[in-house]
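S.K.: Would you mind keeping the following structure in view while I ask a few things?
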Amino acid sequence: MRLLLVEDTAELAQSVLRYLRAEGHAVDHAPDAATALEAMAVADYACVILDLGLPDRPGLEVLRDRRRAGDRTPVLIATARDQISDRIAGLDAGADDYVVK
């Protein structure tokens, strides 16, 4: 299964990458929205794991843009934002699930 991890915190990204790869997944890493959008334009992913707090653009904007473009790739939001309103916004934007890290 090919996954895309969109996470700007390098140490956290490396931990998640190690774990997912040890489980047998092929995982690409994007540290920002621009890199994520480039990756999604050239590769098909089984799932995108998306952080909301990216340095160049909010993760919700990335998600909304991909959904408006017709992209139905499953998206799991993984974020530190733990408010109910954040969860609602993420799911309303088209996320398939929302987990707090």
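Letters for chains follow the order of the structure tokens (A, B, ...), residue numbers begin at 1 for each chain, and ligand numbers begin at 1 in the order shown.
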Can you pull out the residues contacting A:Leu5? Cut-off 7 Å, using only C-alpha atoms, and skip same-chain residues under 6 positions away; I want them as a PDB file with C-alpha atoms, in the first residue's frame.

M.R.:
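Generated output (out16.pdb):
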ATOM      1  CA  VAL A  27       5.456   5.770   2.252  1.00  0.00           C
ATOM      2  CA  ASP A  28       6.363   9.097   0.722  1.00  0.00           C
ATOM      3  CA  HIS A  29       6.897  12.133   2.916  1.00  0.00           C
ATOM      4  CA  ALA A  30       5.916  15.733   2.202  1.00  0.00           C
ATOM      5  CA  VAL A  48      -2.961  10.497   2.712  1.00  0.00           C
ATOM      6  CA  ILE A  49      -2.097  11.201   6.353  1.00  0.00           C
ATOM      7  CA  LEU A  50      -2.439  14.964   6.621  1.00  0.00           C
TER       8      LEU A  50
END

S.K.: From a backbone DSSP assignment, name each residue in chain A labelled alpha helix (DSSP H), as JSON, numbers by chain.

M.R.: {"A": [10, 11, 12, 13, 14, 15, 16, 17, 18, 19, 20, 21, 22, 33, 34, 35, 36, 37, 38, 39, 40, 41, 42, 59, 60, 61, 62, 63, 64, 65, 66, 67, 68, 84, 85, 86, 87, 88, 89, 90, 91, 92]}

S.K.: State, in Å with one decimal place, the distance from atom CA of A:Ala69 to atom CA of A:Ala34.

M.R.: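 Between atom CA of A:Ala69 and atom CA of A:Ala34 the gap is 15.8 Å.
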
S.K.: Do you know which residues are at most 12 Å from A:Val6 counting only C-alpha atoms, after dropping those on the same chain fewer than 4 positions away, and could you put them as JSON, numbers by chain?

M.R.: {"A": [10, 12, 13, 14, 16, 17, 27, 28, 29, 30, 31, 32, 33, 34, 35, 36, 37, 38, 39, 40, 47, 48, 49, 50, 51, 52, 53, 54, 55, 57, 58, 59, 60, 62, 63, 75, 76, 77, 78, 79]}

S.K.: Any idea what's packed within 9 Å of A:Arg72, counting only C-alpha atoms, ignoring anything in its chain fewer than 4 positions away? Could you give it as a PyMOL selection string?

M.R.: chain A and resi 66-67+94

S.K.: With C-alpha atoms kept, could you save the residues just selected as an mmCIF file, in the first residue's frame?

M.R.:
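Contents of result-v3.cif, freshly written:
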data_model
loop_
_atom_site.group_PDB
_atom_site.id
_atom_site.type_symbol
_atom_site.label_atom_id
_atom_site.label_comp_id
_atom_site.auth_asym_id
_atom_site.auth_seq_id
_atom_site.Cartn_x
_atom_site.Cartn_y
_atom_site.Cartn_z
ATOM 1 C CA ARG A 66 -8.142 18.192 -3.670
ATOM 2 C CA ARG A 67 -11.799 17.386 -3.010
ATOM 3 C CA GLY A 94 -13.747 15.933 3.208
#

S.K.: Among chain A, which residues carry a DSSP assignment of strand (DSSP E), reported as a PyMOL selection string?

M.R.: chain A and resi 2-6+26-30+47-50+75-79+97-100

S.K.: Produce a file of the selected residues containing N, CA and C atoms, as a PDB file, in the first residue's frame.

M.R.:
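The file below, result_13.pdb, is the result:
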ATOM      1  N   ARG A   2       0.649   2.169  -0.904  1.00  0.00           N
ATOM      2  CA  ARG A   2       1.437   3.400  -0.988  1.00  0.00           C
ATOM      3  C   ARG A   2       0.695   4.515  -0.251  1.00  0.00           C
ATOM      4  N   LEU A   3       1.400   5.132   0.688  1.00  0.00           N
ATOM      5  CA  LEU A   3       0.833   6.187   1.519  1.00  0.00           C
ATOM      6  C   LEU A   3       1.624   7.473   1.344  1.00  0.00           C
ATOM      7  N   LEU A   4       0.972   8.589   1.636  1.00  0.00           N
ATOM      8  CA  LEU A   4       1.648   9.888   1.662  1.00  0.00           C
ATOM      9  C   LEU A   4       1.467  10.472   3.053  1.00  0.00           C
ATOM     10  N   LEU A   5       2.577  10.743   3.709  1.00  0.00           N
ATOM     11  CA  LEU A   5       2.578  11.397   5.012  1.00  0.00           C
ATOM     12  C   LEU A   5       2.913  12.869   4.807  1.00  0.00           C
ATOM     13  N   VAL A   6       1.985  13.745   5.187  1.00  0.00           N
ATOM     14  CA  VAL A   6       2.192  15.189   5.081  1.00  0.00           C
ATOM     15  C   VAL A   6       2.360  15.707   6.502  1.00  0.00           C
ATOM     16  N   ALA A  26       4.734   1.298   1.552  1.00  0.00           N
ATOM     17  CA  ALA A  26       5.571   2.243   0.818  1.00  0.00           C
ATOM     18  C   ALA A  26       5.052   3.627   1.189  1.00  0.00           C
ATOM     19  N   VAL A  27       5.908   4.471   1.754  1.00  0.00           N
ATOM     20  CA  VAL A  27       5.456   5.770   2.252  1.00  0.00           C
ATOM     21  C   VAL A  27       6.332   6.881   1.704  1.00  0.00           C
ATOM     22  N   ASP A  28       5.682   7.878   1.130  1.00  0.00           N
ATOM     23  CA  ASP A  28       6.363   9.097   0.722  1.00  0.00           C
ATOM     24  C   ASP A  28       6.101  10.145   1.789  1.00  0.00           C
ATOM     25  N   HIS A  29       7.032  11.088   1.911  1.00  0.00           N
ATOM     26  CA  HIS A  29       6.897  12.133   2.916  1.00  0.00           C
ATOM     27  C   HIS A  29       6.906  13.500   2.246  1.00  0.00           C
ATOM     28  N   ALA A  30       5.966  14.341   2.652  1.00  0.00           N
ATOM     29  CA  ALA A  30       5.916  15.733   2.202  1.00  0.00           C
ATOM     30  C   ALA A  30       5.935  16.618   3.446  1.00  0.00           C
ATOM     31  N   CYS A  47      -3.850   6.206   0.661  1.00  0.00           N
ATOM     32  CA  CYS A  47      -4.292   7.073   1.750  1.00  0.00           C
ATOM     33  C   CYS A  47      -3.292   8.204   1.944  1.00  0.00           C
ATOM     34  N   VAL A  48      -3.799   9.354   2.352  1.00  0.00           N
ATOM     35  CA  VAL A  48      -2.961  10.497   2.712  1.00  0.00           C
ATOM     36  C   VAL A  48      -3.165  10.754   4.200  1.00  0.00           C
ATOM     37  N   ILE A  49      -2.060  10.844   4.930  1.00  0.00           N
ATOM     38  CA  ILE A  49      -2.097  11.201   6.353  1.00  0.00           C
ATOM     39  C   ILE A  49      -1.679  12.666   6.414  1.00  0.00           C
ATOM     40  N   LEU A  50      -2.606  13.519   6.785  1.00  0.00           N
ATOM     41  CA  LEU A  50      -2.439  14.964   6.621  1.00  0.00           C
ATOM     42  C   LEU A  50      -2.437  15.716   7.939  1.00  0.00           C
ATOM     43  N   VAL A  75      -8.375  10.375   3.167  1.00  0.00           N
ATOM     44  CA  VAL A  75      -7.498  11.276   3.914  1.00  0.00           C
ATOM     45  C   VAL A  75      -7.769  11.114   5.403  1.00  0.00           C
ATOM     46  N   LEU A  76      -6.697  10.858   6.126  1.00  0.00           N
ATOM     47  CA  LEU A  76      -6.735  10.787   7.577  1.00  0.00           C
ATOM     48  C   LEU A  76      -6.037  12.032   8.103  1.00  0.00           C
ATOM     49  N   ILE A  77      -6.772  12.889   8.782  1.00  0.00           N
ATOM     50  CA  ILE A  77      -6.150  14.055   9.403  1.00  0.00           C
ATOM     51  C   ILE A  77      -5.526  13.594  10.711  1.00  0.00           C
ATOM     52  N   ALA A  78      -4.246  13.912  10.890  1.00  0.00           N
ATOM     53  CA  ALA A  78      -3.519  13.624  12.133  1.00  0.00           C
ATOM     54  C   ALA A  78      -2.946  14.952  12.610  1.00  0.00           C
ATOM     55  N   THR A  79      -3.502  15.474  13.687  1.00  0.00           N
ATOM     56  CA  THR A  79      -3.171  16.825  14.122  1.00  0.00           C
ATOM     57  C   THR A  79      -3.188  16.947  15.637  1.00  0.00           C
ATOM     58  N   ASP A  97     -11.297  10.531   8.216  1.00  0.00           N
ATOM     59  CA  ASP A  97     -11.203  10.340   9.655  1.00  0.00           C
ATOM     60  C   ASP A  97     -10.302  11.432  10.208  1.00  0.00           C
ATOM     61  N   TYR A  98     -10.326  11.573  11.534  1.00  0.00           N
ATOM     62  CA  TYR A  98      -9.607  12.651  12.211  1.00  0.00           C
ATOM     63  C   TYR A  98      -9.072  12.086  13.515  1.00  0.00           C
ATOM     64  N   VAL A  99      -7.761  12.113  13.690  1.00  0.00           N
ATOM     65  CA  VAL A  99      -7.161  11.646  14.939  1.00  0.00           C
ATOM     66  C   VAL A  99      -6.277  12.742  15.513  1.00  0.00           C
ATOM     67  N   VAL A 100      -6.250  12.787  16.820  1.00  0.00           N
ATOM     68  CA  VAL A 100      -5.420  13.765  17.525  1.00  0.00           C
ATOM     69  C   VAL A 100      -4.127  13.085  17.921  1.00  0.00           C
TER      70      VAL A 100
END

S.K.: So what do you get for atom CA of A:Arg87 versus atom CA of A:Ala22, distance-wise?

M.R.: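 Distance between the two atoms: 29.2 Å.
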
S.K.: Rank A:Ala95, A:Gly70, A:Ala46, A:Ala80 by their smallest atom-to-atom distance to A:Thr9, using only C-alpha atoms, and report the top residue only.

M.R.: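 For A:Thr9, the nearest of the candidates is A:Ala80.
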
S.K.: Just how far from atom CA of A:Val42 is atom CA of A:Glu61, in Å to one decimal?

M.R.: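 Distance reported for this atom pair: 19.4 Å.
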